[in-house]
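J.: Coordinates in query.cif, mmCIF, C-alpha atoms, are listed below.
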data_entry
loop_
_atom_site.label_atom_id
_atom_site.label_comp_id
_atom_site.auth_asym_id
_atom_site.auth_seq_id
_atom_site.Cartn_x
_atom_site.Cartn_y
_atom_site.Cartn_z
CA MET A 1 0.00 0.00 0.00
CA PRO A 2 2.77 2.56 0.72
CA GLU A 3 4.30 1.71 -2.67
CA LEU A 4 0.90 2.18 -4.34
CA ALA A 5 0.45 5.55 -2.67
CA ILE A 6 3.92 6.64 -3.80
CA SER A 7 3.14 5.50 -7.34
CA LYS A 8 -0.11 7.48 -7.40
CA ARG A 9 1.60 10.61 -6.07
CA ARG A 10 4.32 10.22 -8.70
CA ALA A 11 1.74 9.83 -11.48
CA VAL A 12 -0.18 12.91 -10.29
CA SER A 13 3.02 14.94 -10.05
CA LEU A 14 4.19 13.86 -13.50
CA GLY A 15 0.84 14.68 -15.08
CA ALA A 16 0.55 18.01 -13.25
CA THR A 17 4.08 19.00 -14.29
CA ILE A 18 3.45 18.28 -17.97
CA LEU A 19 -0.01 19.89 -17.99
CA GLY A 20 1.19 22.96 -16.09
CA SER A 21 4.07 23.40 -18.55
CA PHE A 22 1.62 23.08 -21.42
CA LEU A 23 -0.66 25.79 -20.00
CA VAL A 24 2.21 28.22 -19.39
CA ARG A 25 3.49 27.75 -22.96
CA ALA A 26 0.00 28.03 -24.44
CA ALA A 27 -0.79 31.27 -22.59
CA GLY A 28 2.48 32.86 -23.67
CA ALA A 29 1.97 31.85 -27.30
CA ALA A 30 -1.66 33.00 -27.34
CA THR A 31 -0.53 36.37 -26.03
CA GLY A 32 2.01 36.59 -28.85
CA VAL A 33 -0.51 35.84 -31.60
CA MET A 34 -3.05 38.28 -30.15
CA LEU A 35 -0.38 40.96 -30.13
CA GLY A 36 0.27 40.12 -33.78
CA PHE A 37 -3.38 40.65 -34.68
CA MET A 38 -3.54 43.81 -32.60
CA LEU A 39 -0.50 45.36 -34.30
CA ALA A 40 -1.74 44.28 -37.74
CA ASN A 41 -4.98 46.18 -37.05
CA ILE A 42 -3.01 49.21 -35.88
CA TYR A 43 -0.95 49.08 -39.09
CA ARG A 44 -4.08 48.95 -41.27
CA ARG A 45 -5.43 52.00 -39.41
CA GLY A 46 -2.20 53.87 -40.11
CA GLY A 47 -0.60 53.49 -36.67
CA GLY A 48 3.09 54.31 -36.44
CA GLU A 49 4.21 51.54 -34.05
CA SER A 50 3.34 48.51 -36.15
CA SER A 51 5.55 46.66 -38.63
CA PRO A 52 7.15 43.23 -39.08
CA MET A 53 10.10 44.50 -37.01
CA ALA A 54 7.75 45.57 -34.19
CA ILE A 55 6.44 42.00 -34.03
CA SER A 56 10.00 40.71 -34.02
CA LEU A 57 10.90 43.16 -31.24
CA LEU A 58 8.16 41.83 -28.96
CA MET A 59 9.13 38.23 -29.62
CA ILE A 60 12.82 38.99 -29.16
CA THR A 61 12.01 40.65 -25.83
CA PHE A 62 10.06 37.60 -24.68
CA ASN A 63 12.74 35.12 -25.71
CA ALA A 64 15.65 37.25 -24.46
CA SER A 65 13.99 37.21 -21.05
CA GLU A 66 13.72 33.41 -21.16
CA LEU A 67 17.23 33.07 -22.57
CA ILE A 68 18.78 35.02 -19.69
CA GLY A 69 16.40 33.82 -17.01
CA ALA A 70 16.56 30.06 -17.67
CA PRO A 71 20.21 29.52 -16.64
CA LEU A 72 19.64 31.57 -13.50
CA ALA A 73 16.51 29.57 -12.72
CA GLY A 74 18.46 26.33 -13.21
CA LEU A 75 21.02 27.43 -10.64
CA LEU A 76 18.27 28.41 -8.18
CA ILE A 77 16.63 25.00 -8.62
CA ASP A 78 19.86 23.27 -7.62
CA ARG A 79 19.99 25.41 -4.48
CA LEU A 80 16.35 25.87 -3.45
CA GLY A 81 14.52 22.96 -5.05
CA LEU A 82 12.06 23.09 -7.92
CA ARG A 83 8.80 24.02 -6.20
CA PRO A 84 9.46 27.78 -5.71
CA LEU A 85 10.41 28.14 -9.38
CA LEU A 86 7.40 26.16 -10.61
CA LEU A 87 5.03 28.41 -8.69
CA ALA A 88 6.83 31.64 -9.60
CA GLY A 89 6.32 31.06 -13.34
CA PRO A 90 2.51 31.34 -13.61
CA ILE A 91 2.45 34.10 -10.98
CA LEU A 92 4.68 36.20 -13.23
CA GLY A 93 2.42 35.30 -16.16
CA ILE A 94 -0.60 36.68 -14.31
CA ILE A 95 1.27 39.94 -13.66
CA ALA A 96 2.23 40.20 -17.33
CA GLU A 97 -1.33 39.72 -18.60
CA ILE A 98 -2.51 42.62 -16.45
CA PHE A 99 -0.10 44.89 -18.35
CA PHE A 100 -1.75 44.02 -21.68
CA PHE A 101 -4.96 45.78 -20.60
CA ALA A 102 -3.09 49.10 -20.57
CA PRO A 103 -2.97 51.41 -23.64
CA SER A 104 -1.11 49.94 -26.62
CA ARG A 105 2.29 51.61 -26.40
CA LEU A 106 5.12 49.53 -27.83
CA GLY A 107 7.41 50.20 -24.87
CA LEU A 108 4.82 49.01 -22.32
CA LEU A 109 4.05 45.92 -24.40
CA ALA A 110 7.77 45.12 -24.50
CA VAL A 111 8.00 45.37 -20.69
CA ALA A 112 5.02 43.04 -20.33
CA ARG A 113 6.59 40.52 -22.71
CA LEU A 114 9.83 40.77 -20.74
CA VAL A 115 8.00 39.76 -17.56
CA GLN A 116 6.10 37.05 -19.42
CA GLY A 117 9.34 35.54 -20.70
CA LEU A 118 10.31 34.80 -17.10
CA THR A 119 7.31 32.47 -16.77
CA THR A 120 8.87 29.80 -18.98
CA ALA A 121 12.36 30.65 -17.74
CA CYS A 122 11.22 29.55 -14.28
CA THR A 123 8.89 26.66 -15.05
CA VAL A 124 10.62 24.74 -17.87
CA PRO A 125 13.98 24.02 -16.15
CA ALA A 126 12.14 23.08 -12.96
CA ALA A 127 9.73 20.79 -14.81
CA LEU A 128 12.53 19.06 -16.71
CA ALA A 129 14.62 18.65 -13.57
CA PHE A 130 11.69 16.90 -11.89
CA LEU A 131 10.91 14.68 -14.88
CA SER A 132 14.57 13.68 -15.25
CA ASP A 133 14.96 12.97 -11.56
CA THR A 134 11.91 10.69 -11.44
CA SER A 135 12.73 8.60 -14.55
CA HIS A 136 15.80 6.51 -15.25
CA ARG A 137 15.25 3.88 -17.97
CA ILE A 138 15.73 5.17 -21.50
CA GLY A 139 12.38 3.86 -22.74
CA GLU A 140 10.49 5.49 -19.89
CA ARG A 141 12.43 8.71 -20.35
CA GLY A 142 11.68 8.72 -24.05
CA ARG A 143 7.96 8.47 -23.37
CA ILE A 144 7.98 11.13 -20.66
CA MET A 145 10.08 13.53 -22.73
CA GLY A 146 7.80 12.94 -25.69
CA PHE A 147 4.78 13.98 -23.64
CA PHE A 148 6.68 16.96 -22.24
CA GLU A 149 7.60 18.08 -25.75
CA VAL A 150 3.93 17.90 -26.74
CA GLY A 151 3.18 20.06 -23.71
CA SER A 152 5.97 22.51 -24.46
CA ILE A 153 6.18 23.05 -28.21
CA GLY A 154 2.62 21.78 -28.66
CA GLY A 155 1.59 24.44 -26.18
CA LEU A 156 2.98 27.06 -28.57
CA ALA A 157 0.81 25.75 -31.39
CA VAL A 158 -2.29 25.44 -29.20
CA GLY A 159 -1.64 28.98 -28.01
CA TYR A 160 -1.82 30.17 -31.60
CA THR A 161 -5.15 28.39 -32.01
CA VAL A 162 -6.57 29.84 -28.81
CA GLY A 163 -5.17 33.28 -29.56
CA GLY A 164 -6.84 33.42 -32.98
CA VAL A 165 -10.22 32.38 -31.59
CA LEU A 166 -10.02 34.79 -28.64
CA TRP A 167 -9.09 37.69 -30.87
CA ASP A 168 -11.96 37.02 -33.28
CA HIS A 169 -14.51 36.87 -30.45
CA LEU A 170 -13.17 39.15 -27.72
CA HIS A 171 -10.36 41.22 -29.19
CA ARG A 172 -8.44 42.83 -26.34
CA ASP A 173 -10.72 41.37 -23.64
CA GLY A 174 -9.27 37.98 -24.56
CA PHE A 175 -6.19 38.79 -22.48
CA PHE A 176 -8.35 38.29 -19.38
CA ASP A 177 -9.05 34.69 -20.41
CA LEU A 178 -5.31 34.08 -20.69
CA LEU A 179 -4.93 35.26 -17.11
CA LEU A 180 -7.30 32.45 -16.12
CA ILE A 181 -5.12 29.93 -17.96
CA TYR A 182 -2.16 30.98 -15.82
CA LEU A 183 -4.30 30.49 -12.70
CA VAL A 184 -5.06 26.90 -13.74
CA GLY A 185 -1.35 26.34 -14.43
CA LEU A 186 -0.55 27.59 -10.93
CA ALA A 187 -3.03 25.09 -9.49
CA MET A 188 -1.37 22.27 -11.48
CA PHE A 189 2.11 23.11 -10.19
CA ALA A 190 0.78 23.24 -6.64
CA LEU A 191 0.08 19.49 -6.98
CA VAL A 192 3.72 18.62 -7.74
CA ARG A 193 5.60 16.93 -4.92
CA GLY A 194 9.30 16.23 -4.90
CA ARG A 195 12.49 17.97 -5.94
CA PRO A 196 15.79 16.98 -7.50
CA LYS A 197 18.49 15.64 -5.21
CA ARG A 198 21.12 18.26 -4.53
CA PRO A 199 24.21 18.59 -2.34
CA LYS A 200 24.22 20.62 0.83
CA GLN A 201 26.51 23.25 -0.67
CA LEU A 202 27.12 24.48 -4.21
CA HIS A 203 29.82 27.04 -4.90
CA GLY A 204 29.06 28.83 -8.14
CA PHE A 205 28.61 27.41 -11.59
CA ASP A 206 31.58 25.34 -12.81
CA TRP A 207 30.36 24.97 -16.42
CA GLN A 208 29.71 21.24 -15.96
CA ALA A 209 26.22 21.61 -17.41
CA ILE A 210 27.46 23.33 -20.56
CA LYS A 211 30.28 20.79 -21.01
CA HIS A 212 27.74 17.96 -20.98
CA ALA A 213 25.57 19.58 -23.66
CA ALA A 214 28.02 21.59 -25.80
CA ASP A 215 28.00 19.17 -28.75
CA LEU A 216 24.18 19.31 -28.98
CA MET A 217 23.84 23.08 -28.92
CA PRO A 218 24.53 24.18 -32.54
CA SER A 219 22.03 21.85 -34.24
CA TRP A 220 19.39 22.24 -31.53
CA LEU A 221 19.70 26.02 -31.66
CA ALA A 222 19.40 26.07 -35.45
CA LEU A 223 16.24 23.94 -35.51
CA ASN A 224 14.65 25.97 -32.72
CA ALA A 225 15.41 29.11 -34.75
CA ALA A 226 13.63 27.56 -37.75
CA ALA A 227 10.53 27.08 -35.58
CA GLY A 228 10.93 30.59 -34.13
CA ILE A 229 10.65 32.13 -37.59
CA TRP A 230 7.08 30.86 -37.92
CA PHE A 231 5.97 31.31 -34.32
CA GLY A 232 7.11 34.93 -34.59
CA GLN A 233 5.78 35.89 -38.01
CA ALA A 234 3.03 33.47 -39.11
CA ALA A 235 0.04 35.23 -37.55
CA TYR A 236 1.17 38.63 -38.79
CA GLN A 237 1.98 37.45 -42.32
CA PHE A 238 -1.02 35.13 -42.74
CA SER A 239 -3.42 37.87 -41.57
CA GLY A 240 -2.68 39.85 -44.75
CA ALA A 241 -0.68 42.73 -43.30
CA HIS A 242 1.60 42.73 -46.38
CA PRO A 243 -0.05 40.78 -49.25
CA ARG A 244 2.09 39.87 -52.27
CA PRO A 245 0.45 38.98 -55.60
CA ASP A 246 2.48 35.81 -56.22
CA GLN A 247 2.29 34.39 -52.67
CA LEU A 248 -0.94 32.57 -51.87
CA LEU A 249 -0.43 32.45 -48.10
CA SER A 250 -0.13 36.24 -47.76
CA PHE A 251 -3.76 37.02 -48.62
CA GLY A 252 -5.43 37.70 -45.32
CA PHE A 253 -6.72 34.66 -43.42
CA SER A 254 -9.15 35.33 -40.58
CA GLY A 255 -8.13 34.74 -36.98
CA ARG A 256 -10.36 31.67 -36.91
CA MET A 257 -8.73 30.22 -40.03
CA ILE A 258 -5.22 30.82 -38.68
CA GLY A 259 -6.32 29.19 -35.44
CA THR A 260 -7.60 26.19 -37.41
CA ILE A 261 -4.29 25.90 -39.27
CA PHE A 262 -2.38 25.80 -36.02
CA GLY A 263 -4.94 23.44 -34.52
CA VAL A 264 -4.31 20.90 -37.28
CA TYR A 265 -0.59 21.46 -36.86
CA THR A 266 -0.92 20.79 -33.13
CA LEU A 267 -2.78 17.53 -33.66
CA LEU A 268 -0.21 16.21 -36.14
CA PHE A 269 2.63 17.48 -33.98
CA ALA A 270 1.29 15.71 -30.89
CA VAL A 271 0.80 12.41 -32.69
CA GLY A 272 4.29 12.56 -34.19
CA THR A 273 6.04 13.56 -30.97
CA ILE A 274 4.34 10.91 -28.84
CA GLY A 275 5.06 8.31 -31.50
CA TRP A 276 8.77 9.17 -31.60
CA GLY A 277 8.86 9.22 -27.79
CA LEU A 278 7.61 5.63 -27.80
CA LEU A 279 10.23 4.66 -30.39
CA ILE A 280 13.21 6.06 -28.48
CA GLY A 281 15.07 2.98 -27.31
CA ARG A 282 14.06 0.99 -30.37
CA ILE A 283 15.93 3.29 -32.75
CA SER A 284 19.09 5.18 -31.92
CA ILE A 285 18.97 8.74 -30.65
CA GLY A 286 21.30 9.83 -33.47
CA THR A 287 19.01 8.42 -36.15
CA ALA A 288 15.99 10.20 -34.67
CA MET A 289 17.84 13.52 -34.57
CA ARG A 290 18.97 13.20 -38.19
CA ILE A 291 15.41 12.40 -39.29
CA GLY A 292 14.18 15.49 -37.44
CA SER A 293 16.72 17.73 -39.16
CA VAL A 294 15.78 16.45 -42.62
CA GLY A 295 12.12 16.99 -41.75
CA VAL A 296 12.67 20.75 -41.31
CA ILE A 297 14.17 20.99 -44.82
CA LEU A 298 11.26 19.03 -46.29
CA ALA A 299 8.81 21.31 -44.47
CA ALA A 300 10.34 24.36 -46.17
CA ILE A 301 9.97 22.70 -49.58
CA SER A 302 6.34 21.88 -48.78
CA ILE A 303 5.43 25.43 -47.72
CA LEU A 304 7.12 26.82 -50.83
CA GLY A 305 4.91 24.65 -53.03
CA ILE A 306 1.76 25.69 -51.17
CA ASN A 307 2.68 29.38 -51.22
CA HIS A 308 3.02 29.34 -55.02
CA ALA A 309 -0.04 27.25 -55.81
CA ARG A 310 -2.71 29.16 -57.71
CA HIS A 311 -5.44 28.23 -55.24
CA PHE A 312 -6.22 25.94 -52.32
CA GLY A 313 -7.08 22.89 -54.36
CA GLY A 314 -5.88 20.62 -57.14
CA MET A 315 -2.72 18.55 -57.32
CA GLU A 316 -0.43 21.58 -57.19
CA PHE A 317 -1.76 22.18 -53.65
CA ARG A 318 -2.37 18.60 -52.49
CA LEU A 319 1.10 17.26 -53.30
CA PRO A 320 3.06 19.84 -51.27
CA PHE A 321 0.45 19.55 -48.51
CA LEU A 322 1.02 15.78 -48.26
CA LEU A 323 4.77 16.39 -48.27
CA GLY A 324 4.21 18.80 -45.38
CA VAL A 325 2.45 16.10 -43.35
CA VAL A 326 5.39 13.74 -43.91
CA ALA A 327 7.85 16.52 -43.07
CA LEU A 328 6.05 17.30 -39.81
CA ALA A 329 6.07 13.63 -38.84
CA ALA A 330 9.83 13.58 -39.45
CA GLU A 331 10.76 16.83 -37.71
CA THR A 332 9.00 15.85 -34.48
CA ALA A 333 11.68 13.17 -33.96
CA PHE A 334 14.40 15.62 -32.99
CA THR A 335 13.49 17.09 -29.62
CA PRO A 336 12.26 13.93 -27.80
CA ALA A 337 15.54 12.26 -28.77
CA ALA A 338 17.65 15.26 -27.74
CA LEU A 339 15.79 15.64 -24.43
CA THR A 340 16.23 11.94 -23.65
CA LEU A 341 19.94 12.25 -24.28
CA LEU A 342 20.17 15.41 -22.16
CA ALA A 343 18.34 13.70 -19.28
CA ALA A 344 20.69 10.71 -19.50
CA ARG A 345 23.70 12.98 -19.35
CA SER A 346 22.27 14.75 -16.30
CA ASP A 347 22.67 11.49 -14.36
CA ALA A 348 26.42 12.14 -14.37
CA ILE A 349 25.95 15.42 -12.47
CA PRO A 350 22.72 15.08 -10.45
CA GLU A 351 23.76 18.02 -8.29
CA ARG A 352 23.63 20.15 -11.44
CA ARG A 353 20.52 18.60 -12.95
CA GLY A 354 18.52 21.82 -12.82
CA ALA A 355 21.24 23.78 -14.63
CA LEU A 356 21.72 21.09 -17.27
CA MET A 357 18.03 20.61 -18.01
CA GLY A 358 17.65 24.39 -18.06
CA ILE A 359 19.81 24.35 -21.20
CA TYR A 360 16.73 23.08 -23.07
CA SER A 361 14.86 26.26 -22.21
CA THR A 362 17.92 28.38 -23.04
CA LEU A 363 18.26 26.77 -26.46
CA LEU A 364 14.53 27.06 -27.14
CA ALA A 365 14.47 30.72 -26.18
CA GLY A 366 17.71 31.43 -28.01
CA GLY A 367 16.40 29.72 -31.12
CA GLN A 368 13.10 31.57 -30.94
CA LEU A 369 14.97 34.85 -30.50
CA ILE A 370 17.25 34.21 -33.49
CA GLY A 371 14.29 33.04 -35.55
CA ALA A 372 12.29 36.14 -34.67
CA ALA A 373 15.15 38.44 -35.70
CA ILE A 374 15.86 36.55 -38.92
CA GLY A 375 12.15 36.30 -39.72
CA GLY A 376 11.59 40.03 -39.52
CA VAL A 377 14.50 40.76 -41.88
CA PHE A 378 13.62 38.05 -44.42
CA ALA A 379 9.89 38.90 -44.34
CA ILE A 380 10.51 42.56 -45.14
CA ALA A 381 12.61 41.60 -48.16
CA TRP A 382 10.71 38.61 -49.59
CA GLY A 383 7.53 38.08 -47.56
CA ILE A 384 6.59 34.48 -46.82
CA ASP A 385 9.13 33.24 -49.38
CA GLY A 386 11.79 34.83 -47.19
CA LEU A 387 10.56 32.86 -44.18
CA ILE A 388 10.72 29.67 -46.25
CA ALA A 389 14.28 30.33 -47.41
CA ALA A 390 15.47 31.06 -43.87
CA THR A 391 13.80 27.86 -42.63
CA ALA A 392 15.55 25.73 -45.25
CA LEU A 393 18.95 27.26 -44.46
CA LEU A 394 18.53 26.68 -40.72
CA GLY A 395 17.38 23.10 -41.29
CA LEU A 396 20.47 22.42 -43.36
CA LEU A 397 22.65 24.02 -40.69
CA GLY A 398 21.05 21.83 -38.05
CA LEU A 399 21.73 18.70 -40.08
CA LEU A 400 25.36 19.62 -40.77
CA THR A 401 26.14 20.51 -37.14
CA LEU A 402 24.83 17.30 -35.57
CA PRO A 403 27.62 15.66 -33.55
CA SER A 404 29.40 12.94 -35.51
CA ASP A 405 28.66 10.48 -32.69
CA VAL A 406 25.58 11.88 -30.99
CA ASN A 407 25.07 8.64 -29.00
CA ARG A 408 28.37 8.82 -27.21
CA ALA A 409 28.34 9.00 -23.43
CA SER A 410 29.35 12.10 -21.57
CA PRO A 411 31.96 11.71 -18.84
CA GLY A 412 30.51 9.75 -15.98
CA VAL A 413 27.38 8.59 -17.81
CA PRO A 414 27.15 4.80 -18.12
CA ARG A 415 27.42 4.00 -21.82
CA PRO A 416 24.78 1.22 -21.75
CA ASP A 417 22.19 3.77 -20.58
CA TRP A 418 21.34 4.50 -24.20
CA ARG A 419 23.51 2.28 -26.38
CA ALA A 420 22.22 -1.00 -24.95
CA SER A 421 18.74 -0.35 -26.29
CA ARG A 422 19.77 0.18 -29.89
CA THR A 423 18.44 -2.29 -32.37
CA PRO A 424 20.76 -4.06 -34.85
CA THR A 425 19.25 -2.02 -37.68
CA SER A 426 19.97 1.35 -36.04
CA SER A 427 22.58 3.53 -37.65
#
Output the file's structure as structure tokens, nothing else.
T.:
Amino acid sequence: MPELAISKRRAVSLGATILGSFLVRAAGAATGVMLGFMLANIYRRGGGESSPMAISLLMITFNASELIGAPLAGLLIDRLGLRPLLLAGPILGIIAEIFFFAPSRLGLLAVARLVQGLTTACTVPAALAFLSDTSHRIGERGRIMGFFEVGSIGGLAVGYTVGGVLWDHLHRDGFFDLLLIYLVGLAMFALVRGRPKRPKQLHGFDWQAIKHAADLMPSWLALNAAAGIWFGQAAYQFSGAHPRPDQLLSFGFSGRMIGTIFGVYTLLFAVGTIGWGLLIGRISIGTAMRIGSVGVILAAISILGINHARHFGGMEFRLPFLLGVVALAAETAFTPAALTLLAARSDAIPERRGALMGIYSTLLAGGQLIGAAIGGVFAIAWGIDGLIAATALLGLLGLLTLPSDVNRASPGVPRPDWRASRTPTSS
């Protein structure tokens, strides 16, 4: 009976951690897309503080906050435990949403996004530290990290869906509903019990976390930047702020239609990510990461075909659309594999687990920031075609910078932890 009670508490904590992370990500993404619609409306009315670069500025502010805050949060987790950081995240999100009710000045919106960026900076490293500390077998870790990735990146896509619907129905009042989402996330994190093991004393940061993840950073950062291009610019570009005669996707979708697009994306993304999470252990981590990198390149080719179709129908639209489905299924392989590897490497330095797992959030934020900056520049020059070209280049960079032996063990990590589960057909 005590073992059963512990198992139930662990299951509740795992589920609450993943769901809370999902809600925090979704609320932040929904805020971003609503800001995109709001600035697009200001631009159409002749407002002076709206442009593709203004959208990029707000996204850069959000991700810069997460980029800087995540490593600091990781260090605090290793000293204080994860619970204070989990709870701090949604509380900061609630504060940020209150700012969005104020008059629409770009400087004030940037401050609010700065505060909002700290929500994920606090919650994601803490959530990953807990998930890594409570799972040890590679198969189990693969499944858990797959579900976490659905909650994290999937939360971005769901946020776009929710943001489009809220804007169509409530416009600015929709920010109040996002405040409620943060309240539910806070309730979820309050259910989490447990914290990573840590030593009694830690004297500064000795770069052990970075050393254990350095070979993964270039490719992971590049692929996150490819995603950041679209999370930063899609709502603004698809809403018709700058239509181009030869680009089908630039002709003004409604908020509901954009929400539907991201809803379909979310469904396919979730299925693909969970499926790859279940496969980790049956195929090698390196193979999964290479498949994910190729998937980003195929996705760019698919969007290019759709963008230059004459209309939404016929073979000239259906063929690139089907390629896009295949590409999405492939690209979802990367992050569950990389997270599983990162969690395995954290076993070598359990006293630094929070800092090491916080690298995920740093790379995600850094990639989103780079993608937002690149997206604004490429969109001004070439519209949606510019976003496609930047995506293809970043996908290629991610593929070329994968470590030559991504499955190798870091110092102190038992090699069988992930090599023993490889099948004879794995590369």
J.: I'd like to know which of A:Ala214, A:Ala112, A:Leu23, A:Ile181 is closest to Leu156 of chain A, using only C-alpha atoms.
T.: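 Among the listed residues, the smallest separation from Leu156 of chain A belongs to A:Leu23.
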J.: May I have the residues within 8 Å of segment 338-343 of chain A as a ChimeraX atom specification, using all atoms listed in the file and disregarding those fewer than 2 positions away in the same chain?
T.: /A:132,138,141-142,145,213,216,285,289,334-336,345-347,356-357,360,407,418
J.: Could you pull the residues within 8 Å of segment 232-245 of chain A, counting all atoms listed in the file, minus those fewer than 5 positions along the same chain, as number ranges by chain?
T.: A: 32-33, 36-37, 40, 43-44, 52, 55-56, 59, 250-255, 258, 368, 371-372, 375-376, 383-384
J.: Determine, counting all atoms listed in the file, which protein, DNA and RNA residues have an atom within 7 Å of an atom of Gly367 of chain A; residues of the same chain fewer than 5 positions away are not included. Present the result as a VMD selection string.
T.: chain A and resid 221 to 222 224 to 225 228
J.: When you count only C-alpha atoms, which of these residues is closest to Gly398 of chain A: A:Leu363, A:Ala355, A:Ile229, A:Leu223?
T.: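 Counting only C-alpha atoms, the residue closest to Gly398 of chain A is A:Leu223.
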